[in-house]
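Reproduced below: final.tsv, with TSV, C-alpha atoms and all ligand atoms.
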chain	number	residue	atom	x	y	z
A	1	MET	CA	-6.16	-2.10	-18.42
A	2	PRO	CA	-3.12	-3.92	-19.76
A	3	GLY	CA	-3.69	-7.40	-21.15
A	4	ASN	CA	-2.12	-10.60	-19.91
A	5	GLN	CA	0.81	-11.45	-22.07
A	6	PRO	CA	3.36	-13.17	-19.88
A	7	SER	CA	6.83	-13.74	-21.29
A	8	PRO	CA	7.41	-17.47	-21.90
A	9	ALA	CA	9.52	-17.94	-18.80
A	10	CYS	CA	10.16	-15.62	-15.93
A	11	GLN	CA	13.60	-15.69	-14.39
A	12	ILE	CA	14.18	-15.35	-10.68
A	13	MET	CA	16.98	-13.09	-9.47
A	14	GLY	CA	17.82	-13.89	-5.83
A	15	VAL	CA	18.89	-11.01	-3.60
A	16	VAL	CA	22.30	-11.33	-1.91
A	17	ASN	CA	22.82	-8.21	0.20
A	18	VAL	CA	26.37	-7.90	1.52
A	19	THR	CA	25.79	-5.03	3.93
A	20	PRO	CA	26.54	-4.76	7.67
A	21	ASP	CA	22.87	-5.20	8.59
A	22	SER	CA	22.68	-8.54	6.73
A	23	PHE	CA	25.82	-10.60	7.30
A	24	SER	CA	27.77	-8.98	10.09
A	25	ASP	CA	28.99	-10.69	13.21
A	26	GLY	CA	27.01	-8.09	15.13
A	27	GLY	CA	29.94	-5.71	14.91
A	28	ARG	CA	31.57	-3.94	11.99
A	29	PHE	CA	32.99	-6.99	10.24
A	30	LEU	CA	31.17	-8.64	7.40
A	31	GLN	CA	31.29	-12.37	7.02
A	32	PRO	CA	31.67	-13.25	3.34
A	33	ALA	CA	31.24	-16.94	4.17
A	34	ALA	CA	27.77	-16.34	5.57
A	35	ALA	CA	26.77	-14.35	2.48
A	36	VAL	CA	28.12	-17.09	0.18
A	37	GLU	CA	26.18	-19.70	2.11
A	38	HIS	CA	23.01	-17.65	1.80
A	39	ALA	CA	23.61	-17.24	-1.94
A	40	LEU	CA	24.12	-20.99	-2.41
A	41	GLY	CA	20.83	-21.61	-0.61
A	42	LEU	CA	19.05	-19.28	-3.04
A	43	TRP	CA	20.71	-21.04	-5.98
A	44	GLN	CA	19.58	-24.44	-4.70
A	45	ALA	CA	16.09	-23.04	-4.18
A	46	GLY	CA	15.94	-22.36	-7.92
A	47	ALA	CA	17.27	-18.87	-8.51
A	48	ASP	CA	18.29	-18.26	-12.15
A	49	MET	CA	20.66	-15.49	-11.13
A	50	LEU	CA	22.22	-14.19	-7.87
A	51	ASP	CA	22.35	-10.41	-7.39
A	52	VAL	CA	25.29	-9.50	-5.16
A	53	GLY	CA	25.23	-5.94	-3.77
A	54	GLY	CA	27.44	-4.14	-1.25
A	55	GLU	CA	25.69	-0.76	-1.11
A	56	SER	CA	22.19	-0.61	0.31
A	57	THR	CA	19.77	1.41	-1.82
A	58	ARG	CA	16.88	1.18	0.61
A	59	PRO	CA	15.22	4.46	1.57
A	60	GLY	CA	17.49	6.31	4.02
A	61	ALA	CA	20.65	4.33	3.14
A	62	GLU	CA	23.95	6.22	2.90
A	63	PRO	CA	26.53	5.67	0.11
A	64	VAL	CA	29.69	3.61	0.68
A	65	SER	CA	33.20	4.12	-0.76
A	66	VAL	CA	34.58	2.17	-3.73
A	67	SER	CA	37.05	0.28	-1.54
A	68	GLU	CA	34.40	-0.64	1.02
A	69	GLU	CA	32.06	-1.88	-1.71
A	70	LEU	CA	34.83	-3.93	-3.34
A	71	GLU	CA	35.76	-5.49	0.00
A	72	ARG	CA	32.16	-6.52	0.50
A	73	VAL	CA	31.20	-7.93	-2.90
A	74	ILE	CA	34.34	-9.41	-4.47
A	75	PRO	CA	34.97	-12.17	-1.87
A	76	VAL	CA	31.31	-13.16	-2.13
A	77	ILE	CA	31.38	-13.32	-5.95
A	78	GLU	CA	34.59	-15.38	-5.79
A	79	GLY	CA	33.12	-17.64	-3.12
A	80	ILE	CA	29.99	-18.34	-5.16
A	81	ARG	CA	32.08	-18.98	-8.28
A	82	GLN	CA	34.27	-21.44	-6.44
A	83	ALA	CA	31.36	-23.41	-4.99
A	84	VAL	CA	29.08	-23.33	-8.06
A	85	PRO	CA	31.02	-22.36	-11.20
A	86	ASP	CA	27.92	-22.25	-13.40
A	87	ALA	CA	25.88	-19.98	-11.12
A	88	VAL	CA	24.93	-16.76	-12.91
A	89	ILE	CA	26.10	-13.83	-10.82
A	90	SER	CA	24.87	-10.26	-11.13
A	91	VAL	CA	26.58	-7.32	-9.45
A	92	ASP	CA	24.29	-4.66	-8.00
A	93	THR	CA	26.40	-1.52	-8.24
A	94	SER	CA	26.54	1.98	-9.70
A	95	LYS	CA	30.31	2.33	-9.55
A	96	ALA	CA	32.48	1.82	-12.67
A	97	GLU	CA	35.37	0.26	-10.78
A	98	VAL	CA	33.14	-2.21	-8.93
A	99	MET	CA	31.54	-3.23	-12.25
A	100	GLN	CA	34.94	-3.85	-13.79
A	101	VAL	CA	36.42	-5.84	-10.90
A	102	ALA	CA	33.20	-7.80	-10.34
A	103	VAL	CA	33.02	-8.88	-13.98
A	104	GLU	CA	36.68	-9.92	-13.86
A	105	ALA	CA	35.80	-11.97	-10.76
A	106	GLY	CA	32.99	-13.71	-12.65
A	107	ALA	CA	29.85	-11.55	-12.59
A	108	ARG	CA	27.86	-11.95	-15.82
A	109	PHE	CA	25.24	-9.20	-15.35
A	110	ILE	CA	25.43	-5.57	-14.22
A	111	ASN	CA	22.44	-4.31	-12.23
A	112	ASP	CA	22.72	-0.55	-11.87
A	113	VAL	CA	20.04	1.40	-9.99
A	114	ASN	CA	21.69	4.55	-11.41
A	115	ALA	CA	21.26	3.39	-15.02
A	116	LEU	CA	24.97	3.81	-15.91
A	117	GLN	CA	24.95	7.57	-15.21
A	118	SER	CA	27.80	7.54	-12.66
A	119	PRO	CA	31.27	8.64	-13.84
A	120	GLY	CA	32.82	5.97	-16.08
A	121	ALA	CA	29.94	3.51	-15.60
A	122	LEU	CA	28.71	3.51	-19.19
A	123	GLN	CA	32.23	2.88	-20.51
A	124	ALA	CA	32.82	0.17	-17.88
A	125	ALA	CA	29.62	-1.58	-18.99
A	126	VAL	CA	30.61	-1.36	-22.68
A	127	GLU	CA	33.98	-2.92	-21.90
A	128	ALA	CA	32.48	-5.58	-19.62
A	129	ASP	CA	30.28	-6.74	-22.52
A	130	VAL	CA	27.61	-8.31	-20.28
A	131	PRO	CA	23.87	-7.55	-20.04
A	132	VAL	CA	22.96	-4.45	-18.03
A	133	CYS	CA	19.84	-3.41	-16.15
A	134	LEU	CA	18.95	0.28	-16.37
A	135	MET	CA	16.70	1.40	-13.51
A	136	HIS	CA	14.74	4.60	-12.99
A	137	LYS	CA	15.01	6.48	-9.71
A	138	GLN	CA	14.24	9.97	-8.53
A	139	GLY	CA	16.87	11.38	-6.15
A	140	ASP	CA	19.22	9.28	-4.04
A	141	PRO	CA	18.40	6.60	-1.46
A	142	ALA	CA	19.28	8.85	1.53
A	143	THR	CA	16.49	11.36	0.72
A	144	MET	CA	14.43	9.96	-2.18
A	145	GLN	CA	11.31	9.16	-0.11
A	146	ARG	CA	10.99	12.63	1.47
A	147	ASN	CA	8.46	13.99	-0.98
A	148	PRO	CA	8.55	12.33	-4.39
A	149	ARG	CA	6.68	14.33	-7.02
A	150	TYR	CA	5.86	13.79	-10.69
A	151	LYS	CA	3.61	15.53	-13.21
A	152	ASP	CA	3.06	12.17	-14.88
A	153	VAL	CA	5.03	9.35	-13.29
A	154	LEU	CA	4.51	6.82	-16.10
A	155	HIS	CA	5.51	9.27	-18.82
A	156	GLU	CA	8.60	10.41	-16.90
A	157	VAL	CA	9.78	6.87	-16.21
A	158	LEU	CA	9.17	5.78	-19.82
A	159	SER	CA	11.04	8.71	-21.33
A	160	PHE	CA	13.95	8.32	-18.89
A	161	LEU	CA	14.32	4.61	-19.68
A	162	GLN	CA	14.05	5.23	-23.42
A	163	ASP	CA	16.70	7.94	-23.17
A	164	ARG	CA	19.10	5.74	-21.16
A	165	ALA	CA	18.61	2.82	-23.55
A	166	ASP	CA	19.38	5.15	-26.49
A	167	ASN	CA	22.55	6.30	-24.71
A	168	CYS	CA	23.65	2.71	-24.19
A	169	LEU	CA	23.06	1.83	-27.84
A	170	ALA	CA	25.01	4.91	-28.95
A	171	ALA	CA	27.89	3.89	-26.66
A	172	GLY	CA	28.02	0.45	-28.27
A	173	ILE	CA	25.99	-1.80	-25.96
A	174	CYS	CA	24.00	-4.23	-28.08
A	175	PRO	CA	20.19	-4.18	-27.76
A	176	GLU	CA	20.10	-7.81	-26.53
A	177	HIS	CA	22.12	-6.71	-23.50
A	178	ILE	CA	19.67	-4.05	-22.27
A	179	TYR	CA	17.08	-4.63	-19.51
A	180	LEU	CA	14.76	-1.91	-18.14
A	181	ASP	CA	13.38	-1.49	-14.62
A	182	PRO	CA	10.80	1.06	-13.36
A	183	GLY	CA	12.58	1.24	-9.98
A	184	ILE	CA	9.72	0.47	-7.61
A	185	GLY	CA	10.23	2.37	-4.33
A	186	PHE	CA	13.01	4.62	-5.63
A	187	GLY	CA	11.64	8.16	-5.12
A	188	LYS	CA	8.01	7.04	-5.51
A	189	ASN	CA	5.02	7.07	-3.18
A	190	VAL	CA	2.49	4.23	-3.05
A	191	GLN	CA	0.34	5.67	-5.84
A	192	HIS	CA	3.36	6.22	-8.09
A	193	ASN	CA	4.42	2.60	-7.57
A	194	LEU	CA	0.92	1.28	-8.26
A	195	VAL	CA	0.54	3.29	-11.47
A	196	LEU	CA	3.89	1.94	-12.71
A	197	LEU	CA	2.92	-1.65	-11.87
A	198	LYS	CA	-0.50	-1.27	-13.48
A	199	ASN	CA	1.20	-0.02	-16.66
A	200	LEU	CA	4.18	-2.38	-16.67
A	201	ASN	CA	3.16	-3.50	-20.17
A	202	SER	CA	3.96	-0.07	-21.56
A	203	ILE	CA	7.49	-0.34	-20.19
A	204	ARG	CA	7.80	-3.75	-21.87
A	205	ALA	CA	6.49	-2.12	-25.05
A	206	LEU	CA	9.70	-0.04	-25.28
A	207	GLY	CA	11.10	-3.26	-26.72
A	208	TYR	CA	13.50	-4.45	-24.03
A	209	PRO	CA	13.10	-7.15	-21.40
A	210	VAL	CA	11.94	-5.87	-18.03
A	211	LEU	CA	13.40	-6.52	-14.57
A	212	LEU	CA	11.15	-5.85	-11.58
A	213	GLY	CA	12.03	-5.48	-7.90
A	214	VAL	CA	9.06	-5.44	-5.52
A	215	SER	CA	10.18	-7.91	-2.86
A	216	ARG	CA	9.32	-6.82	0.73
A	217	LYS	CA	9.13	-3.15	-0.27
A	218	SER	CA	7.39	-0.41	1.75
A	219	PHE	CA	4.53	0.11	-0.71
A	220	ILE	CA	3.40	-3.43	0.17
A	221	GLY	CA	3.78	-2.62	3.85
A	222	GLU	CA	1.63	0.49	3.42
A	223	ILE	CA	-1.10	-1.38	1.55
A	224	VAL	CA	-1.37	-4.19	4.10
A	225	GLN	CA	-0.26	-2.17	7.15
A	226	GLN	CA	2.76	-4.35	7.82
A	227	PRO	CA	5.72	-2.31	9.05
A	228	GLU	CA	8.08	-5.32	9.21
A	229	ALA	CA	9.70	-6.03	5.85
A	230	ASP	CA	10.23	-9.75	6.49
A	231	LYS	CA	6.49	-10.22	7.08
A	232	ARG	CA	5.53	-9.07	3.58
A	233	LEU	CA	5.98	-12.39	1.76
A	234	TYR	CA	2.39	-12.86	0.55
A	235	GLY	CA	2.10	-9.32	-0.75
A	236	SER	CA	5.51	-9.69	-2.39
A	237	ILE	CA	4.42	-12.87	-4.18
A	238	ALA	CA	1.24	-11.18	-5.43
A	239	ALA	CA	3.18	-8.20	-6.76
A	240	ALA	CA	5.76	-10.43	-8.47
A	241	MET	CA	3.01	-12.54	-10.11
A	242	TRP	CA	1.29	-9.38	-11.35
A	243	GLY	CA	4.65	-8.37	-12.72
A	244	TRP	CA	5.14	-11.58	-14.61
A	245	LEU	CA	1.61	-11.49	-16.05
A	246	HIS	CA	2.21	-7.94	-17.29
A	247	GLY	CA	5.59	-8.24	-18.91
A	248	ALA	CA	8.37	-8.76	-16.35
A	249	ASP	CA	11.10	-11.10	-17.62
A	250	ILE	CA	13.11	-11.14	-14.38
A	251	VAL	CA	11.82	-10.67	-10.84
A	252	ARG	CA	14.33	-9.70	-8.14
A	253	VAL	CA	13.28	-11.41	-4.89
A	254	HIS	CA	14.45	-12.38	-1.40
A	255	ASP	CA	12.16	-15.43	-1.19
A	256	VAL	CA	13.28	-17.60	-4.08
A	257	ALA	CA	11.63	-20.95	-3.20
A	258	GLU	CA	8.26	-19.31	-2.51
A	259	THR	CA	8.33	-17.18	-5.65
A	260	ARG	CA	9.36	-20.15	-7.73
A	261	GLN	CA	6.42	-22.24	-6.52
A	262	ALA	CA	3.99	-19.44	-7.39
A	263	LEU	CA	5.60	-18.94	-10.82
A	264	GLN	CA	5.46	-22.67	-11.58
A	265	VAL	CA	1.69	-22.68	-11.04
A	266	LEU	CA	1.21	-19.59	-13.21
A	267	THR	CA	3.41	-21.06	-15.93
A	268	ALA	CA	1.48	-24.34	-15.92
A	269	ILE	CA	-1.82	-22.47	-16.35
A	270	ALA	CA	-0.42	-20.20	-19.07
A	271	GLN	CA	0.90	-23.21	-21.01
A	272	ALA	CA	-2.29	-25.29	-20.85
A	273	SER	CA	-3.61	-26.26	-24.25
A	274	GLY	CA	-7.18	-27.05	-25.21
B	1	LIG	C1	15.18	-2.90	-7.88
B	1	LIG	C2	16.13	-2.91	-6.81
B	1	LIG	C3	17.50	-3.16	-7.16
B	1	LIG	N1	15.80	-2.71	-5.51
B	1	LIG	C4	16.90	-3.34	-9.41
B	1	LIG	N2	17.85	-3.38	-8.46
B	1	LIG	C5	16.76	-2.70	-4.57
B	1	LIG	N3	17.25	-3.55	-10.71
B	1	LIG	C6	18.09	-2.94	-4.91
B	1	LIG	C7	11.22	0.11	-0.02
B	1	LIG	O1	10.41	0.90	-0.54
B	1	LIG	O2	13.90	-2.67	-7.66
B	1	LIG	N4	15.59	-3.11	-9.14
B	1	LIG	N5	18.45	-3.17	-6.19
B	1	LIG	C8	16.37	-2.44	-3.13
B	1	LIG	N6	15.95	-1.09	-2.95
B	1	LIG	C9	14.82	-0.76	-2.19
B	1	LIG	C10	14.05	0.34	-2.54
B	1	LIG	C11	14.45	-1.57	-1.12
B	1	LIG	C12	12.89	0.61	-1.84
B	1	LIG	C13	13.31	-1.28	-0.40
B	1	LIG	C14	12.50	-0.19	-0.75
B	1	LIG	O3	11.03	-0.48	1.05
Take the structure in the file and give it back as structure tokens.
Amino acid sequence: MPGNQPSPACQIMGVVNVTPDSFSDGGRFLQPAAAVEHALGLWQAGADMLDVGGESTRPGAEPVSVSEELERVIPVIEGIRQAVPDAVISVDTSKAEVMQVAVEAGARFINDVNALQSPGALQAAVEADVPVCLMHKQGDPATMQRNPRYKDVLHEVLSFLQDRADNCLAAGICPEHIYLDPGIGFGKNVQHNLVLLKNLNSIRALGYPVLLGVSRKSFIGEIVQQPEADKRLYGSIAAAMWGWLHGADIVRVHDVAETRQALQVLTAIAQASG
């Protein structure tokens, strides 16, 4: 059983999905203004970072083209920058060109669910010179939940993350810029996800800060029998708090105000003296 050694402060990454199912007018057209407004609300609610993504990576999601992804995320990054210049913006992408343009537009963090393995992505991240999150996944979103299998899920995730971190170091990314993420829900069944969460400390023990995304995910729905993602708040808070107590440095969440309140209570307890 891992011990409780929370990092001094946990940062909250607020999710800003710029996909047709989130900010469309009901038709094909996205409304950047609505996404910017949502992002500003998350910032006001206490997010430390806003994660802007134009390609859904949910189970079953299909890839989008570079131009489509750019059209979705760049206006939103620019809009956030204009309204709140000091907001920390992360770009959730696997594509080299999107990384490059997003960082030019003001993104200060690259969140890549493909761990910089796409063509040109590693070089784009080196040149961007911003922190990067390397996430583990098995397969691709369209099919990853069909029948995920591992001999030893913890071992496989640990060695993958170690290997990707080594690659980044060799390419010239400095160690302070590397974050690791077990990729909860990415080609993993409920048991796989639970084993990874239970052993989050061993991911932290690789020596890099850890980012964790559990918010509203299906494993919570399966545990509590709640098929609707937006009714999984309480389970999401519990999973995020477990994460913080076991080594997560950043939690990626939809519900920023609620997560912040929970984290403030945990922090107060952890900091009590006497
Ligand atoms: C994540 C993450 C992410 N998750 C990072 N970036 C998503 N670094 C997008 C489900 O099981 O965990 N870490 N970017 C969202 N992806 C999913 C995956 C959403 C699975 C839902 C599920 O329901």
Using all atoms listed in the file, the shortest atom-to-atom distance to Val153 (chain A) among A:Val132, A:Ala125, A:Ala102, A:Val190 belongs to A:Val190
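A distance search around ligand LIG 1 (chain B) (6 Å at most, only C-alpha atoms and all ligand atoms) returns the following protein and nucleic acid residues: A:Thr57, A:Arg58, A:Pro59, A:Asn111, A:Val113, A:Met135, A:Asp181, A:Gly183, A:Ile184, A:Gly185, A:Phe186, A:Leu212, A:Gly213, A:Val214, A:Lys217, A:Ser218, A:Phe219.
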Nearest to Leu180 (chain A), restricted to all atoms listed in the file and choosing among A:Asn114, A:Ser273, A:Ser215, A:Thr143, comes out as A:Asn114
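With distances taken over all atoms listed in the file, A:Arg204 is the one residue among A:Lys95, A:Lys231, A:Arg146, A:Arg204 lying closest to Ile250 (chain A).
Counting only C-alpha atoms and comparing A:Met99, A:Val224, A:Met241, A:Ile80, the residue that lies closest to Leu263 (chain A) is A:Met241.
Interatomic distance, CA of Gln145 (chain A) to CA of Gly60 (chain A): 8.0 Å.
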Nearest to Leu116 (chain A) by atom-to-atom distance, counting all atoms listed in the file, from A:Arg72, A:Arg164, A:Lys137, A:His155: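 When distances to Leu116 (chain A) are compared using all atoms listed in the file, the smallest one comes from A:Arg164.
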Write out as a tab-separated table (two decimals) with C-alpha atoms, keeping the file's coordinate frame which residues come within 12 Å of Cys133 (chain A) when counting only C-alpha atoms, dropping same-chain ones fewer than 6 positions away.
chain	number	residue	atom	x	y	z
A	51	ASP	CA	22.35	-10.41	-7.39
A	90	SER	CA	24.87	-10.26	-11.13
A	91	VAL	CA	26.58	-7.32	-9.45
A	92	ASP	CA	24.29	-4.66	-8.00
A	93	THR	CA	26.40	-1.52	-8.24
A	94	SER	CA	26.54	1.98	-9.70
A	108	ARG	CA	27.86	-11.95	-15.82
A	109	PHE	CA	25.24	-9.20	-15.35
A	110	ILE	CA	25.43	-5.57	-14.22
A	111	ASN	CA	22.44	-4.31	-12.23
A	112	ASP	CA	22.72	-0.55	-11.87
A	113	VAL	CA	20.04	1.40	-9.99
A	114	ASN	CA	21.69	4.55	-11.41
A	115	ALA	CA	21.26	3.39	-15.02
A	116	LEU	CA	24.97	3.81	-15.91
A	122	LEU	CA	28.71	3.51	-19.19
A	125	ALA	CA	29.62	-1.58	-18.99
A	161	LEU	CA	14.32	4.61	-19.68
A	164	ARG	CA	19.10	5.74	-21.16
A	165	ALA	CA	18.61	2.82	-23.55
A	168	CYS	CA	23.65	2.71	-24.19
A	173	ILE	CA	25.99	-1.80	-25.96
A	175	PRO	CA	20.19	-4.18	-27.76
A	176	GLU	CA	20.10	-7.81	-26.53
A	177	HIS	CA	22.12	-6.71	-23.50
A	178	ILE	CA	19.67	-4.05	-22.27
A	179	TYR	CA	17.08	-4.63	-19.51
A	180	LEU	CA	14.76	-1.91	-18.14
A	181	ASP	CA	13.38	-1.49	-14.62
A	182	PRO	CA	10.80	1.06	-13.36
A	183	GLY	CA	12.58	1.24	-9.98
A	208	TYR	CA	13.50	-4.45	-24.03
A	209	PRO	CA	13.10	-7.15	-21.40
A	210	VAL	CA	11.94	-5.87	-18.03
A	211	LEU	CA	13.40	-6.52	-14.57
A	212	LEU	CA	11.15	-5.85	-11.58
A	213	GLY	CA	12.03	-5.48	-7.90
A	249	ASP	CA	11.10	-11.10	-17.62
A	250	ILE	CA	13.11	-11.14	-14.38
A	252	ARG	CA	14.33	-9.70	-8.14
- prompt: Excluding same-chain residues fewer than 3 positions from Gly120 (chain A), what lies within 7 Å of it counting only C-alpha atoms, as a PyMOL selection string?
  reply: chain A and resi 96+123-124
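Nearest to Ala229 (chain A) of all the residues A:Arg216, A:Val64, A:Leu158, A:Pro32 is A:Arg216, based on only C-alpha atoms.
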Check your understanding: Can you tell me how far CA of Val256 (chain A) sits from CA of Met13 (chain A), in Å to one decimal?
Key ->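 Taking CA of Val256 (chain A) as the start and CA of Met13 (chain A) as the end point, the length is 7.9 Å.
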Region 61-85 of chain A dumped to file, N, CA and C atoms, as a short mmCIF file (atom, residue, chain, number, x, y, z; two decimals), in the first residue's frame:
data_model
loop_
_atom_site.label_atom_id
_atom_site.label_comp_id
_atom_site.auth_asym_id
_atom_site.auth_seq_id
_atom_site.Cartn_x
_atom_site.Cartn_y
_atom_site.Cartn_z
N ALA A 61 -13.62 8.12 -30.16
CA ALA A 61 -13.44 9.36 -30.93
C ALA A 61 -12.56 9.12 -32.16
N GLU A 62 -12.89 9.83 -33.25
CA GLU A 62 -12.11 9.73 -34.48
C GLU A 62 -11.13 10.91 -34.59
N PRO A 63 -9.97 10.68 -35.25
CA PRO A 63 -9.00 11.76 -35.40
C PRO A 63 -9.52 12.92 -36.25
N VAL A 64 -8.92 14.12 -36.08
CA VAL A 64 -9.26 15.25 -36.95
C VAL A 64 -7.99 15.70 -37.68
N SER A 65 -8.15 16.46 -38.77
CA SER A 65 -7.01 16.91 -39.56
C SER A 65 -6.28 18.05 -38.84
N VAL A 66 -5.04 18.31 -39.28
CA VAL A 66 -4.26 19.41 -38.72
C VAL A 66 -5.01 20.73 -38.87
N SER A 67 -5.56 20.99 -40.07
CA SER A 67 -6.19 22.30 -40.29
C SER A 67 -7.44 22.45 -39.43
N GLU A 68 -8.19 21.37 -39.29
CA GLU A 68 -9.40 21.42 -38.45
C GLU A 68 -9.00 21.71 -37.00
N GLU A 69 -7.96 21.01 -36.53
CA GLU A 69 -7.54 21.19 -35.14
C GLU A 69 -7.04 22.61 -34.89
N LEU A 70 -6.27 23.14 -35.85
CA LEU A 70 -5.79 24.52 -35.73
C LEU A 70 -6.95 25.51 -35.68
N GLU A 71 -7.92 25.30 -36.56
CA GLU A 71 -9.08 26.20 -36.59
C GLU A 71 -9.85 26.18 -35.28
N ARG A 72 -9.83 25.04 -34.62
CA ARG A 72 -10.55 24.95 -33.35
C ARG A 72 -9.78 25.62 -32.22
N VAL A 73 -8.49 25.28 -32.06
CA VAL A 73 -7.80 25.68 -30.83
C VAL A 73 -7.17 27.07 -30.88
N ILE A 74 -6.66 27.50 -32.03
CA ILE A 74 -5.90 28.76 -32.05
C ILE A 74 -6.76 29.97 -31.67
N PRO A 75 -7.98 30.11 -32.23
CA PRO A 75 -8.80 31.27 -31.81
C PRO A 75 -9.10 31.26 -30.32
N VAL A 76 -9.22 30.07 -29.74
CA VAL A 76 -9.54 29.99 -28.31
C VAL A 76 -8.32 30.38 -27.47
N ILE A 77 -7.15 29.91 -27.88
CA ILE A 77 -5.91 30.30 -27.16
C ILE A 77 -5.73 31.83 -27.25
N GLU A 78 -5.92 32.37 -28.46
CA GLU A 78 -5.77 33.83 -28.62
C GLU A 78 -6.81 34.58 -27.79
N GLY A 79 -8.03 34.07 -27.78
CA GLY A 79 -9.10 34.73 -27.02
C GLY A 79 -8.81 34.75 -25.52
N ILE A 80 -8.30 33.63 -25.01
CA ILE A 80 -7.97 33.57 -23.58
C ILE A 80 -6.84 34.55 -23.27
N ARG A 81 -5.83 34.54 -24.15
CA ARG A 81 -4.66 35.42 -23.97
C ARG A 81 -5.05 36.89 -23.93
N GLN A 82 -5.99 37.23 -24.82
CA GLN A 82 -6.43 38.62 -24.90
C GLN A 82 -7.16 39.04 -23.63
N ALA A 83 -8.02 38.15 -23.13
CA ALA A 83 -8.85 38.50 -21.97
C ALA A 83 -8.05 38.44 -20.67
N VAL A 84 -7.19 37.42 -20.54
CA VAL A 84 -6.40 37.24 -19.31
C VAL A 84 -4.97 36.89 -19.70
N PRO A 85 -4.13 37.93 -19.92
CA PRO A 85 -2.78 37.68 -20.44
C PRO A 85 -1.94 36.76 -19.55
#
